[in-house]
Amino acid sequence: MKQIAQYQDGRLDLLEVPMPTPPVGGVLVRTTHSVISVGTERMKVAQARMNLLQKARARPDQVRKVLDTAKNLGWRSALEKVRNRLETPTPLGYSAAGVVVSVHSANTRFCVGDRVACAGAEWAFHAEYLSVPDFLLARIPDEVENWQAAYTTICAIALHAVHQTAPNLGDRVLVSGQGLVGLLVTNMLALAGARVMVADVQARCRPISRAMGAERVVILGEQRLLDEVHDWTEGYGADAAVICAASDTSEPVEQAAEALRDRGRLVSVGITRMDLPWKTFYEKELDVRFSRSYGPGRYDPSYEWATCDYPIGYVRWTEQRNFDACLNLMAGGRINLEAITTRRVTFLDAPKVYNDLLAEGAADIGVVLEYSTDPLERSQPLDQSRRVLDPSSPEIRRAARPAQPVTRLDVIGAGNFARTMLLPHLRGRIPLETIVNQTPLSTAHVKAKFGFQRAATDLADAFAADASGAVLIATRHHLHAPLVKTALLANRHVFVEKPLCLTLEELREIDAAFMKSQGSLQIGFNRRFAPATLELKRRLGAVPGPKTATYRVLPGRLDPRHWYANYSESGGRIIGEVCHFLDYFCFLFEAEPIRISAQSLQPASGALPFPDSIAAQVEFADGSCGQLIYSAEGNPVYPKETVTVFASGLVAELINFQRLLLYSNRKRRRFSYSSKGHAEEIEAWLAFLGGKTEHPLPYEESRTSMLLTFAALESIRRAIPVAPASLLDFDPSVPLQSGRG
């Protein structure tokens, strides 16, 4: 691919560079448009073309670094360091838009084919492909064109400046400097209900500033700023001033301070000298603020790279929320991007544009670079066979019956689910040794209620005693995989509530631990043990040919305060809940799932930035088909879970595992039940631990269901059908075409 490179010796080139790969939790984007931030990038190019003396005067901070190097390592090392810096190319650009072509497996918000705005001087370069972290991306609304969305980052800089200014309705605000950011600040202040006066040295900015919402335009050198402000504010002074000018003197700041009223606000956005005159600032008690880039989160690696969001109750406007707000303003046609876009040129002509920007009298404000439609697809045809791979699955061993009956059980996790659905069926059936839970009071209560021998809060205590006992794990989901691996490597027999794990990497690690272990592993897929399920499966077994089942689940909306809404703990509802229903199809049909097509029913954004509702169709090797609708919408009056199965001469309907209706031979039969399978699965597991039966749920079956769940998420991300087996060979760095057409 091609990328613009700036050398510190003044050269500017369009280089052929390797394709990037998606960062952890991020995406790979095919760029369609990027914006040259004329002021910032012209300054970078101009500085690169300076001689060494001029560079030293422009960047005294860099000179100090060279002197420090010379002092510590000698002048030869210092000069070599300078020479390397001059020879090393650096990227240009920080605001772009494009189409997602590849998604890292840890990303929950985006899928192949999504249109996105991209941000960051470390990521959103002028290049044909961009590798961008999750929180430096924003989905583009349908009403916004990609060339407009390419302005998102620059608009976010202006929006953050307005948030720092905090204008009240009717406030008079002075904006100094009418470059690209200054014009956008003017536009957004007007949208916020402020009255705006602008000041600039260029007379040609007058019509554009008025188009962006300026009430008055002052041309410095032709008009006296203080007289204009005095007349405009009836002598009071402006309520706030925003410095968007780039200056190596403090003149813009001093002028703004004089123009402000008592206790006015001054916000600095541009790169300007800030020698504050004490007398003016003290006597007026001015509030001075700096506006740092796109908003809170900028330059914080835990936010931008590790996607650790700030709670909205504490930080209302993060950089990510600023991006979304700007795109919403564009969708409503409230940001006048046409007025500030002076040129739209092809990406290949970019070097000429930069030369033009340095010319005397250059008048460009916003320059949009337009990229070819899809160079990757044209130059390197994709191997469509990579979409659905079918490598041979590793041979998974069958768990052998215990040589001696297991006579003790440790339990990790004593939340409401364990206390209600699991522990009552274990009490009195097997000696209960250690209960481990995070909360001491709850742990002591469970110990007394269910008759455990010991209570502990340290997870290690469950593995410290006799290793012959079984382990039941009912913690929050993010602890399942590490605890399962520890228990298996200790040769324990393990029961873990669903889901087994949260990532493919964890599943592979559990595979390895299981193959080394002499223990066994069962996942709490209770619905396959329900009496209604067993009757339904018996009836279907007597009917030849493939079957079709629809499973409708209405769990209700997820409270953003619930721990399930913390993706790092729960993995979200698709991993944490939908795995149940996909496993149900596998059990009902007893056939291998070939591929799954899935889509999210709601956008992954806002308080729940991950898929929360899903529609999916699963194809099975015997021709059977499972269709799942898991929707947070609906009405609680309707049954929470409904399964309808169509087979040769038979229709069956199962409602909340309480009612089974069978339609055959022109008759309808009705059966009633009271269990969803929790008691029955515990009964079956205890029989295995006692050496009476084979394992009731072989690991290979549970593993298939988890692979199918991960395939559903991958199908959502890539908008294509995905074979569960293909995930064993999955390479997230390979870009795939969208299946959206």
# chains A, B, ... in the order shown; residues from 1 in each chain; ligands from 1
$ select_by_dssp --residues "region 571-638 of chain A" --states "strand (DSSP E)" --output "list in words"
Pro593, Ile594, Arg595, Ile596, Ser597, Ala598, Gln599, Ser600, Ile614, Ala615, Ala616, Gln617, Val618, Glu619, Phe620, Cys625, Gly626, Gln627, Leu628, Ile629 and Tyr630 of chain A
$ residues_around --residues "region 597-610 of chain A" --least-positions-apart "3" --cutoff "10 Å" --atoms "only C-alpha atoms" --output "NGL selection string"
:A and (107-111 or 138-139 or 311-312 or 321 or 324 or 558-561 or 564-567 or 571-574 or 613-619 or 627-633 or 711-723)
$ select_by_dssp --residues "region 424-515 of chain A" --states "alpha helix (DSSP H)" --output "JSON list (two decimals) with N, CA and C atoms, in the first residue's frame"
[["chain", "number", "residue", "atom", "x", "y", "z"],
["A", 424, "PRO", "N", -28.63, -26.26, 46.28],
["A", 424, "PRO", "CA", -29.72, -27.06, 46.87],
["A", 424, "PRO", "C", -29.74, -28.51, 46.38],
["A", 425, "HIS", "N", -29.28, -28.75, 45.15],
["A", 425, "HIS", "CA", -29.30, -30.10, 44.60],
["A", 425, "HIS", "C", -28.06, -30.90, 45.01],
["A", 426, "LEU", "N", -27.08, -30.24, 45.62],
["A", 426, "LEU", "CA", -25.87, -30.92, 46.08],
["A", 426, "LEU", "C", -25.91, -31.24, 47.58],
["A", 440, "PRO", "N", -16.71, -12.10, 52.60],
["A", 440, "PRO", "CA", -16.64, -12.93, 53.81],
["A", 440, "PRO", "C", -18.01, -13.24, 54.41],
["A", 441, "LEU", "N", -18.88, -12.24, 54.53],
["A", 441, "LEU", "CA", -20.18, -12.46, 55.16],
["A", 441, "LEU", "C", -21.01, -13.47, 54.37],
["A", 442, "SER", "N", -21.04, -13.32, 53.04],
["A", 442, "SER", "CA", -21.79, -14.24, 52.21],
["A", 442, "SER", "C", -21.20, -15.64, 52.28],
["A", 443, "THR", "N", -19.86, -15.74, 52.34],
["A", 443, "THR", "CA", -19.21, -17.04, 52.41],
["A", 443, "THR", "C", -19.59, -17.77, 53.69],
["A", 444, "ALA", "N", -19.57, -17.04, 54.82],
["A", 444, "ALA", "CA", -19.94, -17.65, 56.10],
["A", 444, "ALA", "C", -21.40, -18.11, 56.09],
["A", 445, "HIS", "N", -22.25, -17.32, 55.47],
["A", 445, "HIS", "CA", -23.67, -17.68, 55.39],
["A", 445, "HIS", "C", -23.88, -18.97, 54.60],
["A", 446, "VAL", "N", -23.22, -19.07, 53.45],
["A", 446, "VAL", "CA", -23.36, -20.26, 52.60],
["A", 446, "VAL", "C", -22.77, -21.49, 53.30],
["A", 447, "LYS", "N", -21.66, -21.31, 54.01],
["A", 447, "LYS", "CA", -21.06, -22.43, 54.76],
["A", 447, "LYS", "C", -22.06, -23.00, 55.76],
["A", 448, "ALA", "N", -22.71, -22.11, 56.51],
["A", 448, "ALA", "CA", -23.65, -22.56, 57.52],
["A", 448, "ALA", "C", -24.92, -23.15, 56.90],
["A", 449, "LYS", "N", -25.40, -22.53, 55.83],
["A", 449, "LYS", "CA", -26.67, -22.96, 55.25],
["A", 449, "LYS", "C", -26.57, -24.32, 54.57],
["A", 450, "PHE", "N", -25.45, -24.57, 53.87],
["A", 450, "PHE", "CA", -25.36, -25.80, 53.08],
["A", 450, "PHE", "C", -24.44, -26.85, 53.69],
["A", 480, "HIS", "N", -13.69, -18.11, 34.81],
["A", 480, "HIS", "CA", -13.95, -19.51, 34.47],
["A", 480, "HIS", "C", -12.72, -20.20, 33.88],
["A", 481, "ALA", "N", -12.16, -19.62, 32.82],
["A", 481, "ALA", "CA", -11.06, -20.28, 32.12],
["A", 481, "ALA", "C", -9.83, -20.49, 33.01],
["A", 482, "PRO", "N", -9.32, -19.46, 33.73],
["A", 482, "PRO", "CA", -8.14, -19.72, 34.57],
["A", 482, "PRO", "C", -8.39, -20.74, 35.67],
["A", 483, "LEU", "N", -9.60, -20.73, 36.25],
["A", 483, "LEU", "CA", -9.89, -21.70, 37.30],
["A", 483, "LEU", "C", -10.02, -23.11, 36.74],
["A", 484, "VAL", "N", -10.65, -23.23, 35.56],
["A", 484, "VAL", "CA", -10.78, -24.55, 34.92],
["A", 484, "VAL", "C", -9.40, -25.13, 34.62],
["A", 485, "LYS", "N", -8.51, -24.29, 34.07],
["A", 485, "LYS", "CA", -7.16, -24.77, 33.74],
["A", 485, "LYS", "C", -6.43, -25.23, 35.01],
["A", 486, "THR", "N", -6.53, -24.43, 36.07],
["A", 486, "THR", "CA", -5.86, -24.81, 37.32],
["A", 486, "THR", "C", -6.40, -26.13, 37.85],
["A", 487, "ALA", "N", -7.72, -26.29, 37.83],
["A", 487, "ALA", "CA", -8.35, -27.50, 38.35],
["A", 487, "ALA", "C", -7.98, -28.72, 37.51],
["A", 488, "LEU", "N", -8.00, -28.57, 36.18],
["A", 488, "LEU", "CA", -7.67, -29.70, 35.31],
["A", 488, "LEU", "C", -6.22, -30.14, 35.50],
["A", 489, "LEU", "N", -5.32, -29.16, 35.60],
["A", 489, "LEU", "CA", -3.91, -29.50, 35.77],
["A", 489, "LEU", "C", -3.65, -30.12, 37.14],
["A", 504, "LEU", "N", -11.12, -17.43, 22.17],
["A", 504, "LEU", "CA", -10.58, -18.62, 21.50],
["A", 504, "LEU", "C", -9.24, -19.03, 22.12],
["A", 505, "GLU", "N", -8.44, -18.03, 22.50],
["A", 505, "GLU", "CA", -7.14, -18.35, 23.10],
["A", 505, "GLU", "C", -7.34, -19.14, 24.38],
["A", 506, "GLU", "N", -8.32, -18.74, 25.19],
["A", 506, "GLU", "CA", -8.59, -19.48, 26.42],
["A", 506, "GLU", "C", -9.08, -20.89, 26.12],
["A", 507, "LEU", "N", -9.89, -21.05, 25.05],
["A", 507, "LEU", "CA", -10.37, -22.38, 24.70],
["A", 507, "LEU", "C", -9.21, -23.28, 24.31],
["A", 508, "ARG", "N", -8.25, -22.75, 23.56],
["A", 508, "ARG", "CA", -7.09, -23.55, 23.17],
["A", 508, "ARG", "C", -6.27, -23.96, 24.40],
["A", 509, "GLU", "N", -6.15, -23.03, 25.36],
["A", 509, "GLU", "CA", -5.41, -23.35, 26.59],
["A", 509, "GLU", "C", -6.13, -24.43, 27.40],
["A", 510, "ILE", "N", -7.46, -24.38, 27.43],
["A", 510, "ILE", "CA", -8.22, -25.41, 28.14],
["A", 510, "ILE", "C", -8.08, -26.75, 27.42],
["A", 511, "ASP", "N", -8.08, -26.72, 26.07],
["A", 511, "ASP", "CA", -7.83, -27.96, 25.31],
["A", 511, "ASP", "C", -6.54, -28.62, 25.78],
["A", 512, "ALA", "N", -5.47, -27.81, 25.87],
["A", 512, "ALA", "CA", -4.17, -28.36, 26.25],
["A", 512, "ALA", "C", -4.19, -28.90, 27.67],
["A", 513, "ALA", "N", -4.84, -28.15, 28.59],
["A", 513, "ALA", "CA", -4.92, -28.61, 29.97],
["A", 513, "ALA", "C", -5.74, -29.89, 30.08],
["A", 514, "PHE", "N", -6.82, -29.98, 29.33],
["A", 514, "PHE", "CA", -7.69, -31.16, 29.38],
["A", 514, "PHE", "C", -6.94, -32.40, 28.88],
["A", 515, "MET", "N", -6.15, -32.24, 27.82],
["A", 515, "MET", "CA", -5.43, -33.38, 27.27],
["A", 515, "MET", "C", -4.34, -33.88, 28.23]]
$ closest_residue --among "A:Pro636, A:Trp278, A:Arg210, A:Val173" --to "Trp232 (chain A)" --atoms "only C-alpha atoms"
A:Val173
$ residues_around --residues "Leu540 (chain A)" --least-positions-apart "5" --cutoff "12 Å" --atoms "only C-alpha atoms" --output "PDB file with N, CA, C and O atoms, in the first residue's frame"
ATOM      1  N   THR A 533     -36.964 -31.479  27.357  1.00  0.00           N
ATOM      2  CA  THR A 533     -36.001 -31.674  26.268  1.00  0.00           C
ATOM      3  C   THR A 533     -35.842 -33.155  25.937  1.00  0.00           C
ATOM      4  O   THR A 533     -35.814 -33.548  24.756  1.00  0.00           O
ATOM      5  N   LEU A 534     -35.726 -33.971  26.956  1.00  0.00           N
ATOM      6  CA  LEU A 534     -35.522 -35.400  26.728  1.00  0.00           C
ATOM      7  C   LEU A 534     -36.734 -36.028  26.022  1.00  0.00           C
ATOM      8  O   LEU A 534     -36.583 -36.880  25.140  1.00  0.00           O
ATOM      9  N   GLU A 535     -37.944 -35.572  26.391  1.00  0.00           N
ATOM     10  CA  GLU A 535     -39.134 -36.078  25.715  1.00  0.00           C
ATOM     11  C   GLU A 535     -39.165 -35.603  24.265  1.00  0.00           C
ATOM     12  O   GLU A 535     -39.477 -36.373  23.345  1.00  0.00           O
ATOM     13  N   GLY A 545     -35.032 -37.971   8.682  1.00  0.00           N
ATOM     14  CA  GLY A 545     -34.742 -36.765   7.923  1.00  0.00           C
ATOM     15  C   GLY A 545     -34.318 -35.594   8.785  1.00  0.00           C
ATOM     16  O   GLY A 545     -34.396 -35.621  10.020  1.00  0.00           O
ATOM     17  N   PRO A 546     -33.841 -34.528   8.142  1.00  0.00           N
ATOM     18  CA  PRO A 546     -33.404 -33.328   8.874  1.00  0.00           C
ATOM     19  C   PRO A 546     -34.573 -32.599   9.518  1.00  0.00           C
ATOM     20  O   PRO A 546     -35.729 -32.743   9.101  1.00  0.00           O
ATOM     21  N   LYS A 547     -34.238 -31.808  10.535  1.00  0.00           N
ATOM     22  CA  LYS A 547     -35.238 -31.032  11.267  1.00  0.00           C
ATOM     23  C   LYS A 547     -34.879 -29.544  11.237  1.00  0.00           C
ATOM     24  O   LYS A 547     -33.726 -29.171  10.999  1.00  0.00           O
ATOM     25  N   THR A 548     -35.894 -28.741  11.481  1.00  0.00           N
ATOM     26  CA  THR A 548     -35.681 -27.295  11.582  1.00  0.00           C
ATOM     27  C   THR A 548     -36.248 -26.821  12.910  1.00  0.00           C
ATOM     28  O   THR A 548     -37.390 -27.141  13.245  1.00  0.00           O
ATOM     29  N   ALA A 549     -35.438 -26.066  13.644  1.00  0.00           N
ATOM     30  CA  ALA A 549     -35.885 -25.548  14.938  1.00  0.00           C
ATOM     31  C   ALA A 549     -35.693 -24.042  14.988  1.00  0.00           C
ATOM     32  O   ALA A 549     -34.690 -23.512  14.486  1.00  0.00           O
ATOM     33  N   PHE A 587     -27.378 -30.408  20.684  1.00  0.00           N
ATOM     34  CA  PHE A 587     -27.885 -31.579  21.408  1.00  0.00           C
ATOM     35  C   PHE A 587     -29.126 -32.156  20.736  1.00  0.00           C
ATOM     36  O   PHE A 587     -29.274 -33.371  20.597  1.00  0.00           O
ATOM     37  N   LEU A 588     -30.010 -31.260  20.286  1.00  0.00           N
ATOM     38  CA  LEU A 588     -31.277 -31.715  19.711  1.00  0.00           C
ATOM     39  C   LEU A 588     -31.061 -32.477  18.412  1.00  0.00           C
ATOM     40  O   LEU A 588     -31.692 -33.511  18.171  1.00  0.00           O
ATOM     41  N   PHE A 589     -30.157 -32.003  17.577  1.00  0.00           N
ATOM     42  CA  PHE A 589     -29.964 -32.607  16.254  1.00  0.00           C
ATOM     43  C   PHE A 589     -28.892 -33.700  16.250  1.00  0.00           C
ATOM     44  O   PHE A 589     -28.868 -34.527  15.341  1.00  0.00           O
ATOM     45  N   GLU A 590     -27.972 -33.670  17.227  1.00  0.00           N
ATOM     46  CA  GLU A 590     -26.864 -34.635  17.267  1.00  0.00           C
ATOM     47  C   GLU A 590     -26.131 -34.683  15.926  1.00  0.00           C
ATOM     48  O   GLU A 590     -25.858 -35.747  15.382  1.00  0.00           O
ATOM     49  N   SER A 624     -30.076 -30.420   8.932  1.00  0.00           N
ATOM     50  CA  SER A 624     -30.931 -29.715   9.892  1.00  0.00           C
ATOM     51  C   SER A 624     -30.510 -28.251   9.991  1.00  0.00           C
ATOM     52  O   SER A 624     -29.397 -27.873   9.599  1.00  0.00           O
ATOM     53  N   VAL A 645     -40.131 -26.788  16.658  1.00  0.00           N
ATOM     54  CA  VAL A 645     -39.385 -27.728  15.821  1.00  0.00           C
ATOM     55  C   VAL A 645     -40.310 -28.279  14.739  1.00  0.00           C
ATOM     56  O   VAL A 645     -41.450 -28.694  15.026  1.00  0.00           O
ATOM     57  N   PHE A 646     -39.814 -28.268  13.501  1.00  0.00           N
ATOM     58  CA  PHE A 646     -40.540 -28.836  12.370  1.00  0.00           C
ATOM     59  C   PHE A 646     -39.794 -30.074  11.881  1.00  0.00           C
ATOM     60  O   PHE A 646     -38.601 -30.015  11.593  1.00  0.00           O
ATOM     61  N   ALA A 647     -40.502 -31.200  11.819  1.00  0.00           N
ATOM     62  CA  ALA A 647     -39.920 -32.455  11.331  1.00  0.00           C
ATOM     63  C   ALA A 647     -40.961 -33.153  10.468  1.00  0.00           C
ATOM     64  O   ALA A 647     -42.102 -32.683  10.333  1.00  0.00           O
ATOM     65  N   SER A 648     -40.571 -34.252   9.880  1.00  0.00           N
ATOM     66  CA  SER A 648     -41.495 -34.980   9.001  1.00  0.00           C
ATOM     67  C   SER A 648     -42.713 -35.456   9.785  1.00  0.00           C
ATOM     68  O   SER A 648     -42.609 -36.321  10.659  1.00  0.00           O
ATOM     69  N   GLY A 649     -43.873 -34.875   9.493  1.00  0.00           N
ATOM     70  CA  GLY A 649     -45.120 -35.277  10.142  1.00  0.00           C
ATOM     71  C   GLY A 649     -45.253 -34.829  11.572  1.00  0.00           C
ATOM     72  O   GLY A 649     -46.163 -35.272  12.283  1.00  0.00           O
ATOM     73  N   LEU A 650     -44.377 -33.951  12.034  1.00  0.00           N
ATOM     74  CA  LEU A 650     -44.398 -33.551  13.440  1.00  0.00           C
ATOM     75  C   LEU A 650     -44.042 -32.075  13.588  1.00  0.00           C
ATOM     76  O   LEU A 650     -43.101 -31.583  12.966  1.00  0.00           O
ATOM     77  N   VAL A 651     -44.814 -31.372  14.402  1.00  0.00           N
ATOM     78  CA  VAL A 651     -44.477 -30.029  14.859  1.00  0.00           C
ATOM     79  C   VAL A 651     -44.501 -30.063  16.376  1.00  0.00           C
ATOM     80  O   VAL A 651     -45.465 -30.560  16.976  1.00  0.00           O
ATOM     81  N   ALA A 652     -43.442 -29.556  16.983  1.00  0.00           N
ATOM     82  CA  ALA A 652     -43.370 -29.519  18.447  1.00  0.00           C
ATOM     83  C   ALA A 652     -43.120 -28.091  18.905  1.00  0.00           C
ATOM     84  O   ALA A 652     -42.360 -27.347  18.270  1.00  0.00           O
ATOM     85  N   LEU A 662     -47.209 -31.230  21.124  1.00  0.00           N
ATOM     86  CA  LEU A 662     -46.834 -32.071  19.993  1.00  0.00           C
ATOM     87  C   LEU A 662     -48.005 -32.160  19.026  1.00  0.00           C
ATOM     88  O   LEU A 662     -49.132 -32.503  19.431  1.00  0.00           O
ATOM     89  N   SER A 664     -49.164 -34.082  15.699  1.00  0.00           N
ATOM     90  CA  SER A 664     -48.910 -35.185  14.760  1.00  0.00           C
ATOM     91  C   SER A 664     -50.188 -35.996  14.595  1.00  0.00           C
ATOM     92  O   SER A 664     -51.039 -36.031  15.503  1.00  0.00           O
TER      93      SER A 664
END
$ closest_residue --among "A:Phe135, A:Ala161, A:Gly235, A:Pro593" --to "Gly297 (chain A)" --atoms "only C-alpha atoms"
A:Phe135
$ closest_atom_pairs --of "region 120-192 of chain A" --to "region 2-26 of chain A" --cutoff "10 Å" --atoms "only C-alpha atoms" --output "JSON lines"
{"residue": "A:Phe125", "atom": "CA", "partner": "A:Gln3", "partner_atom": "CA", "distance": 7.7}
{"residue": "A:His126", "atom": "CA", "partner": "A:Ile4", "partner_atom": "CA", "distance": 5.9}
{"residue": "A:Ala127", "atom": "CA", "partner": "A:Gln3", "partner_atom": "CA", "distance": 4.1}
{"residue": "A:Glu128", "atom": "CA", "partner": "A:Lys2", "partner_atom": "CA", "distance": 5.9}
{"residue": "A:Tyr129", "atom": "CA", "partner": "A:Met19", "partner_atom": "CA", "distance": 7.0}
{"residue": "A:Leu130", "atom": "CA", "partner": "A:Pro20", "partner_atom": "CA", "distance": 6.8}
{"residue": "A:Ser131", "atom": "CA", "partner": "A:Pro22", "partner_atom": "CA", "distance": 5.1}
{"residue": "A:Val132", "atom": "CA", "partner": "A:Gly26", "partner_atom": "CA", "distance": 5.6}
{"residue": "A:Pro133", "atom": "CA", "partner": "A:Gly26", "partner_atom": "CA", "distance": 4.1}
{"residue": "A:Asp134", "atom": "CA", "partner": "A:Gly26", "partner_atom": "CA", "distance": 4.7}
{"residue": "A:Phe135", "atom": "CA", "partner": "A:Gly26", "partner_atom": "CA", "distance": 8.3}
{"residue": "A:Leu136", "atom": "CA", "partner": "A:Gly26", "partner_atom": "CA", "distance": 8.9}
{"residue": "A:Leu137", "atom": "CA", "partner": "A:Gly26", "partner_atom": "CA", "distance": 8.7}
$ write_last_selection --atoms "C-alpha atoms" --output "PDB file, in the first residue's frame"
ATOM      1  CA  PHE A 125      -2.318   8.702   8.594  1.00  0.00           C
ATOM      2  CA  HIS A 126      -2.625   9.654   4.958  1.00  0.00           C
ATOM      3  CA  ALA A 127      -2.337   6.022   3.824  1.00  0.00           C
ATOM      4  CA  GLU A 128      -4.412   3.533   1.855  1.00  0.00           C
ATOM      5  CA  TYR A 129      -4.936   1.265   4.874  1.00  0.00           C
ATOM      6  CA  LEU A 130      -5.093   2.163   8.564  1.00  0.00           C
ATOM      7  CA  SER A 131      -4.686   0.060  11.695  1.00  0.00           C
ATOM      8  CA  VAL A 132      -6.785   1.754  14.406  1.00  0.00           C
ATOM      9  CA  PRO A 133      -7.676   0.949  18.062  1.00  0.00           C
ATOM     10  CA  ASP A 134     -11.347   0.682  19.024  1.00  0.00           C
ATOM     11  CA  PHE A 135     -11.746   3.983  20.912  1.00  0.00           C
ATOM     12  CA  LEU A 136     -10.220   5.998  18.081  1.00  0.00           C
ATOM     13  CA  LEU A 137     -13.025   4.883  15.766  1.00  0.00           C
TER      14      LEU A 137
END
